[in-house]
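Student: Okay, here's the structure, questions in a sec.
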Amino acid sequence: MDMAIDKYQLDSGNSCAIAPGWGCNLFSWIVDGVEMMSVPEGYPEAATKITGGGNPILFPAVGRTWDLSGDQPVQGVYRINGSDKTYFMPSHGIIYLSSFHKVDEQVSADRVSVSYDLTVPDKVREENYPFDVNLTQRFTITPGKVELEGVVTNNGDTPAPVAFGYHPYFRISSPQREGVQVRLPISTYLHTTKDTVLPTGESEPAEGVIDLQPDIYYDHVFAGRIGNRMSLIDPKASHAIHVDFDDTFELFLVYTPNGTSFVCIEPWTRGLGAFGYLNQPGWENGELIPVLKPGETASHRAVFSVEKKEI
């Protein structure tokens with residue numbers, strides 16, 4: 001794993017650090033001297049899995065894939081309709097089996113824009129994801145903001161299933177979550193299974209405001225988008241972090257295990273668990289997961305920003 005780090009600092013003092021060799025992870029974002037991202041000690045060199053800190057990029061799967069055809073669920077295994085071959089999809093996709101390389105960099109006093117292309121090894125095409133799909137990830141840093149855009153292109157000659165998401169680990173002031181609130185532009189809470197974290201098909205109305213409580217493990221999935229901003233408000237830290245996103249995102253996750261000093265507020269496309277159903281005819285219609293036709297391109301854009309909040 002190449003642990004070369006790309007660090008950028010604006011004249012304002014705001015800065016960021018990106019680890020191209022660890023999934024193009026934005027693992028540091030400092031605004032007015034305050035670190036907004038949460039990472040464990042030694043990250044990213046000590047990282048062993050996609051989750052854990054910074055901003056993992058999820059592609060071409062979101063969440064876990066499960067084979068549900070037997071008596072017990074088998075994680076990661078999936079098949080594609082019309083083929084007897086078995087593939088393995090890691091949790092949240094193939095980013096960490098692949099590599100990024102920088103293709104563009106523009107730096108000025110108050111703005112940095114840098115882009116990376118994903119290179120997928122032949123072995124990964126053979127064993128994990130047999131579709132010729134390219135991903136370019138761009139970061140644009142300005143005072144108090146980071147814009148992220150993933151551009152996905154199907155270079156192959158067959159339809160390709162392509163889910164996408166961001167998984168930012170934002171710091172909070174205390175593991176006790178005193179006064180910490182999440183606001184989501186949603187109308188629906190999706191019930192998920194405890195063991196596989198897949199939708200059960202059941203749901204209930206949701207207000208979209210969560211006052212986080214201590215000692216609760218949050219791993220919640222929401223849908224029914226009615227806006228384009230979700231926010232993490234931390235009065236003790238005197239700021240709110242906003243995630244603004246485009247209309248390609250349809251699922252919204254809140255993840256924060258009890259006793260941790262981070263909250264993940266995550267925009268995902270549809271596609272949770274969808275690779276487990278690619279063995280069924282008709283998946284190409286795009287109802288379960290975004291599907292790109294040959295030659296088609298899709299972009300997914302989100303903006304992280306910080307707003308000062310007085311207690």
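A note on labels: chains of the structure tokens are A, B, ... as shown, every chain counts residues from 1, and ligands are counted from 1 in their shown order.
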For stretch 8-81 of chain A against stretch 225-243 of chain A, with a cut-off of 12 Å and counting only C-alpha atoms, what is the closest atom pair and its distance in Å to one decimal for every residue that makes the cut, ordered by chain and number, as a tab-separated table?
Tutor:
```
residue	atom	partner	partner_atom	distance
A:Trp29	CA	A:Ile241	CA	11.7
A:Val31	CA	A:His239	CA	10.6
A:Asp32	CA	A:His239	CA	11.1
A:Val34	CA	A:Ala237	CA	9.4
A:Glu35	CA	A:Ala237	CA	10.9
A:Met36	CA	A:Ile241	CA	8.4
A:Met37	CA	A:Ile241	CA	10.6
```
Student: Generate a file of the selected residues that holds N, CA and C atoms, formatted as a CSV table (one decimal), in the first residue's frame.
Tutor:
```csv
chain,number,residue,atom,x,y,z
A,29,TRP,N,-9.2,17.3,7.5
A,29,TRP,CA,-9.8,18.5,7.0
A,29,TRP,C,-9.9,19.5,8.2
A,31,VAL,N,-10.4,23.2,9.6
A,31,VAL,CA,-11.1,24.5,9.4
A,31,VAL,C,-10.8,25.4,10.6
A,32,ASP,N,-10.2,26.6,10.4
A,32,ASP,CA,-10.0,27.5,11.5
A,32,ASP,C,-9.2,26.8,12.7
A,34,VAL,N,-9.3,23.7,13.6
A,34,VAL,CA,-10.1,22.6,14.2
A,34,VAL,C,-10.2,21.4,13.2
A,35,GLU,N,-9.7,20.2,13.6
A,35,GLU,CA,-9.9,19.0,12.8
A,35,GLU,C,-11.3,18.5,12.8
A,36,MET,N,-11.9,18.4,11.6
A,36,MET,CA,-13.2,17.9,11.4
A,36,MET,C,-13.4,16.4,11.2
A,37,MET,N,-12.3,15.8,10.8
A,37,MET,CA,-12.4,14.3,10.5
A,37,MET,C,-11.9,13.5,11.7
```
Student: Tell me which protein, DNA and RNA residues are within 6 Å of A:Leu148, counting only C-alpha atoms, leaving out same-chain ones fewer than 6 positions away, and put them as a compact mmCIF listing (two decimals) with C-alpha atoms, in the first residue's frame.
Tutor:
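After the write, part-v3.txt holds the following:
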```
# COMPACT_ATOMS: atom_id res chain seq x y z
CA ARG A 138 -12.30 15.15 -7.62
CA PHE A 139 -11.77 17.25 -4.47
CA ARG A 301 -21.59 15.46 -5.98
CA ALA A 302 -21.49 16.38 -2.29
```
Student: Which residues in stretch 22-211 of chain A does DSSP call strand (DSSP E)? List them as a PyMOL selection string.
Tutor: chain A and resi 25-31+34-35+57-58+66-67+74-75+77-79+86-88+99-107+112-119+133-142+145-154+160-161+165-166+169-171+181-183+188-192+199-205+209-211
Student: Keeping C-alpha atoms, export the residues of the selection given above as a PDB file, in the first residue's frame.
Tutor:
```
ATOM      1  CA  ASN A  25      -9.489   8.896   1.687  1.00  0.00           C
ATOM      2  CA  LEU A  26      -9.902  12.501   2.867  1.00  0.00           C
ATOM      3  CA  PHE A  27      -8.595  11.736   6.350  1.00  0.00           C
ATOM      4  CA  SER A  28      -7.889  15.296   7.495  1.00  0.00           C
ATOM      5  CA  TRP A  29      -9.840  18.493   6.983  1.00  0.00           C
ATOM      6  CA  ILE A  30      -8.898  21.400   9.229  1.00  0.00           C
ATOM      7  CA  VAL A  31     -11.053  24.532   9.381  1.00  0.00           C
ATOM      8  CA  VAL A  34     -10.055  22.571  14.181  1.00  0.00           C
ATOM      9  CA  GLU A  35      -9.860  19.028  12.780  1.00  0.00           C
ATOM     10  CA  ILE A  57     -15.553   6.238  -0.878  1.00  0.00           C
ATOM     11  CA  LEU A  58     -18.096   3.495  -1.570  1.00  0.00           C
ATOM     12  CA  TRP A  66     -25.090 -11.283   0.947  1.00  0.00           C
ATOM     13  CA  ASP A  67     -25.943 -14.540  -0.789  1.00  0.00           C
ATOM     14  CA  VAL A  74     -23.059 -15.887   3.102  1.00  0.00           C
ATOM     15  CA  GLN A  75     -21.363 -12.494   3.032  1.00  0.00           C
ATOM     16  CA  VAL A  77     -20.878 -13.868  -2.596  1.00  0.00           C
ATOM     17  CA  TYR A  78     -22.983 -12.954  -5.631  1.00  0.00           C
ATOM     18  CA  ARG A  79     -23.815 -14.120  -9.131  1.00  0.00           C
ATOM     19  CA  THR A  86     -19.428 -16.696  -8.593  1.00  0.00           C
ATOM     20  CA  TYR A  87     -17.991 -13.311  -7.598  1.00  0.00           C
ATOM     21  CA  PHE A  88     -17.057 -11.762  -4.266  1.00  0.00           C
ATOM     22  CA  SER A  99      -5.519   2.098  -6.727  1.00  0.00           C
ATOM     23  CA  PHE A 100      -5.850   5.807  -7.490  1.00  0.00           C
ATOM     24  CA  HIS A 101      -3.388   8.015  -9.338  1.00  0.00           C
ATOM     25  CA  LYS A 102      -3.471  11.782  -9.644  1.00  0.00           C
ATOM     26  CA  VAL A 103      -4.490  13.139 -13.043  1.00  0.00           C
ATOM     27  CA  ASP A 104      -4.964  16.864 -12.375  1.00  0.00           C
ATOM     28  CA  GLU A 105      -3.977  19.441  -9.781  1.00  0.00           C
ATOM     29  CA  GLN A 106      -4.766  23.150  -9.658  1.00  0.00           C
ATOM     30  CA  VAL A 107      -3.502  25.142  -6.671  1.00  0.00           C
ATOM     31  CA  VAL A 112      -7.279  23.718  -4.598  1.00  0.00           C
ATOM     32  CA  SER A 113      -8.761  21.276  -7.096  1.00  0.00           C
ATOM     33  CA  VAL A 114      -7.263  17.798  -7.467  1.00  0.00           C
ATOM     34  CA  SER A 115      -8.528  14.754  -9.386  1.00  0.00           C
ATOM     35  CA  TYR A 116      -7.662  11.051  -9.227  1.00  0.00           C
ATOM     36  CA  ASP A 117      -8.469   8.143 -11.556  1.00  0.00           C
ATOM     37  CA  LEU A 118      -9.156   4.669 -10.236  1.00  0.00           C
ATOM     38  CA  THR A 119      -7.189   1.779 -11.738  1.00  0.00           C
ATOM     39  CA  VAL A 133     -16.315   1.002 -15.235  1.00  0.00           C
ATOM     40  CA  ASN A 134     -14.035   3.976 -14.566  1.00  0.00           C
ATOM     41  CA  LEU A 135     -14.180   6.297 -11.542  1.00  0.00           C
ATOM     42  CA  THR A 136     -12.629   9.751 -11.347  1.00  0.00           C
ATOM     43  CA  GLN A 137     -12.742  11.394  -7.918  1.00  0.00           C
ATOM     44  CA  ARG A 138     -12.301  15.152  -7.618  1.00  0.00           C
ATOM     45  CA  PHE A 139     -11.772  17.249  -4.471  1.00  0.00           C
ATOM     46  CA  THR A 140     -12.103  21.040  -4.471  1.00  0.00           C
ATOM     47  CA  ILE A 141     -11.004  22.795  -1.291  1.00  0.00           C
ATOM     48  CA  THR A 142     -12.017  26.377  -0.499  1.00  0.00           C
ATOM     49  CA  LYS A 145     -15.653  23.784   2.316  1.00  0.00           C
ATOM     50  CA  VAL A 146     -14.668  20.637   0.478  1.00  0.00           C
ATOM     51  CA  GLU A 147     -16.542  19.706  -2.686  1.00  0.00           C
ATOM     52  CA  LEU A 148     -16.390  16.047  -3.704  1.00  0.00           C
ATOM     53  CA  GLU A 149     -17.448  14.720  -7.083  1.00  0.00           C
ATOM     54  CA  GLY A 150     -17.266  11.141  -8.287  1.00  0.00           C
ATOM     55  CA  VAL A 151     -17.643  10.703 -12.043  1.00  0.00           C
ATOM     56  CA  VAL A 152     -18.422   7.148 -13.140  1.00  0.00           C
ATOM     57  CA  THR A 153     -18.272   5.982 -16.777  1.00  0.00           C
ATOM     58  CA  ASN A 154     -19.230   2.620 -18.242  1.00  0.00           C
ATOM     59  CA  ALA A 160     -23.164  -2.124 -15.351  1.00  0.00           C
ATOM     60  CA  PRO A 161     -24.553  -1.927 -11.780  1.00  0.00           C
ATOM     61  CA  GLY A 165     -21.595   6.769  -1.590  1.00  0.00           C
ATOM     62  CA  TYR A 166     -19.513   8.815   0.831  1.00  0.00           C
ATOM     63  CA  TYR A 169     -16.427  10.237   9.935  1.00  0.00           C
ATOM     64  CA  PHE A 170     -16.944  13.654  11.529  1.00  0.00           C
ATOM     65  CA  ARG A 171     -15.538  14.410  14.969  1.00  0.00           C
ATOM     66  CA  GLN A 181     -28.065  16.571  16.852  1.00  0.00           C
ATOM     67  CA  VAL A 182     -28.405  15.172  13.339  1.00  0.00           C
ATOM     68  CA  ARG A 183     -30.831  16.714  10.861  1.00  0.00           C
ATOM     69  CA  THR A 188     -38.858   7.505   6.084  1.00  0.00           C
ATOM     70  CA  TYR A 189     -36.882   5.235   8.388  1.00  0.00           C
ATOM     71  CA  LEU A 190     -36.077   1.865   6.809  1.00  0.00           C
ATOM     72  CA  HIS A 191     -36.085  -1.204   9.021  1.00  0.00           C
ATOM     73  CA  THR A 192     -33.050  -3.429   8.518  1.00  0.00           C
ATOM     74  CA  PRO A 199     -33.824  -3.674   4.339  1.00  0.00           C
ATOM     75  CA  THR A 200     -36.631  -5.872   5.631  1.00  0.00           C
ATOM     76  CA  GLY A 201     -39.214  -4.188   3.399  1.00  0.00           C
ATOM     77  CA  GLU A 202     -40.777  -2.478   6.398  1.00  0.00           C
ATOM     78  CA  SER A 203     -40.540   1.227   7.144  1.00  0.00           C
ATOM     79  CA  GLU A 204     -42.052   3.943   9.272  1.00  0.00           C
ATOM     80  CA  PRO A 205     -42.400   7.724   9.075  1.00  0.00           C
ATOM     81  CA  VAL A 209     -34.269  15.272  13.560  1.00  0.00           C
ATOM     82  CA  ILE A 210     -32.260  12.988  15.848  1.00  0.00           C
ATOM     83  CA  ASP A 211     -31.061  14.146  19.246  1.00  0.00           C
TER      84      ASP A 211
END
```
Student: Quick one: residues within 7 Å of A:Gly156, only C-alpha atoms, excluding same-chain residues fewer than 3 positions away - as a PyMOL selection string?
Tutor: chain A and resi 131-133+294
Student: Please dump the current selection as a PDB file, in the first residue's frame; keep C-alpha atoms.
Tutor:
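The resulting selection04.pdb:
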```
ATOM      1  CA  PHE A 131     -17.594  -4.572 -15.509  1.00  0.00           C
ATOM      2  CA  ASP A 132     -15.363  -2.049 -17.273  1.00  0.00           C
ATOM      3  CA  VAL A 133     -16.315   1.002 -15.235  1.00  0.00           C
ATOM      4  CA  PRO A 294     -22.487   1.270 -22.319  1.00  0.00           C
TER       5      PRO A 294
END
```
Student: Compile the contact shell of A:Val291 as a VMD selection string: residues with an atom at most 10 Å away, counting only C-alpha atoms, same-chain residues fewer than 3 positions apart removed.
Tutor: chain A and resid 154 159 to 163 271 283 to 288 294 296 298
Student: Using Å and a single decimal, report how far atom CA of A:Asp215 sits from atom CA of A:Gly259.
Tutor: 6.3 Å
Student: Could you check which of A:Ile216, A:Ala19, A:Met3, A:Val306 is closest to A:Asn258, using only C-alpha atoms?
Tutor: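 So, comparing all the options, the nearest one is A:Ile216.
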Student: Could you check which of A:Ile289, A:Val62, A:Met89, A:Ile95 is closest to A:Val197, using only C-alpha atoms?
Tutor: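 The answer is A:Val62, which sits nearest to A:Val197.
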Student: To one decimal in Å, tell me the separation between atom CA of A:Ala223 and atom CA of A:Trp22.
Tutor: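 That distance, rounded to one decimal, is 29.4 Å.
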Student: For A:His220, please output as a PyMOL selection string all residues within 7 Å (counting only C-alpha atoms; exclusion window: fewer than 3 positions along the same chain).
Tutor: chain A and resi 253-255
Student: What is the distance, in Å and to one decimal place, between atom CA of A:Asn155 and atom CA of A:Leu278?
Tutor: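 Straight-line distance from atom CA of A:Asn155 to atom CA of A:Leu278 works out to 19.7 Å.
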Student: Please, which residues of stretch 69-305 of chain A, numbered as in this document, come out helix (DSSP H, G or I) from DSSP, as a list in words?
Tutor: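 Here are the helix (DSSP H, G or I) residues of stretch 69-305 of chain A: Ile95, Tyr96, Leu97, Asp122, Lys123, Val124, Arg125, Glu126, Glu127, Pro235, Lys236, Ala237, Ala274, Phe275, Gly276, Tyr277, Trp283, Glu284 and Asn285 of chain A.
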Student: I'd like to know which of A:Glu126, A:Val39, A:Gly21, A:Ser15 is closest to A:Ser98, using only C-alpha atoms.
Tutor: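 Counting only C-alpha atoms, the residue closest to A:Ser98 is A:Gly21.
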Student: Counting only C-alpha atoms, which residue out of A:Gly76, A:Gly33, A:Pro40, A:Pro60 sits closest to A:Pro290?
Tutor: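 Looking only at the distances to A:Pro290, the closest residue turns out to be A:Pro60.
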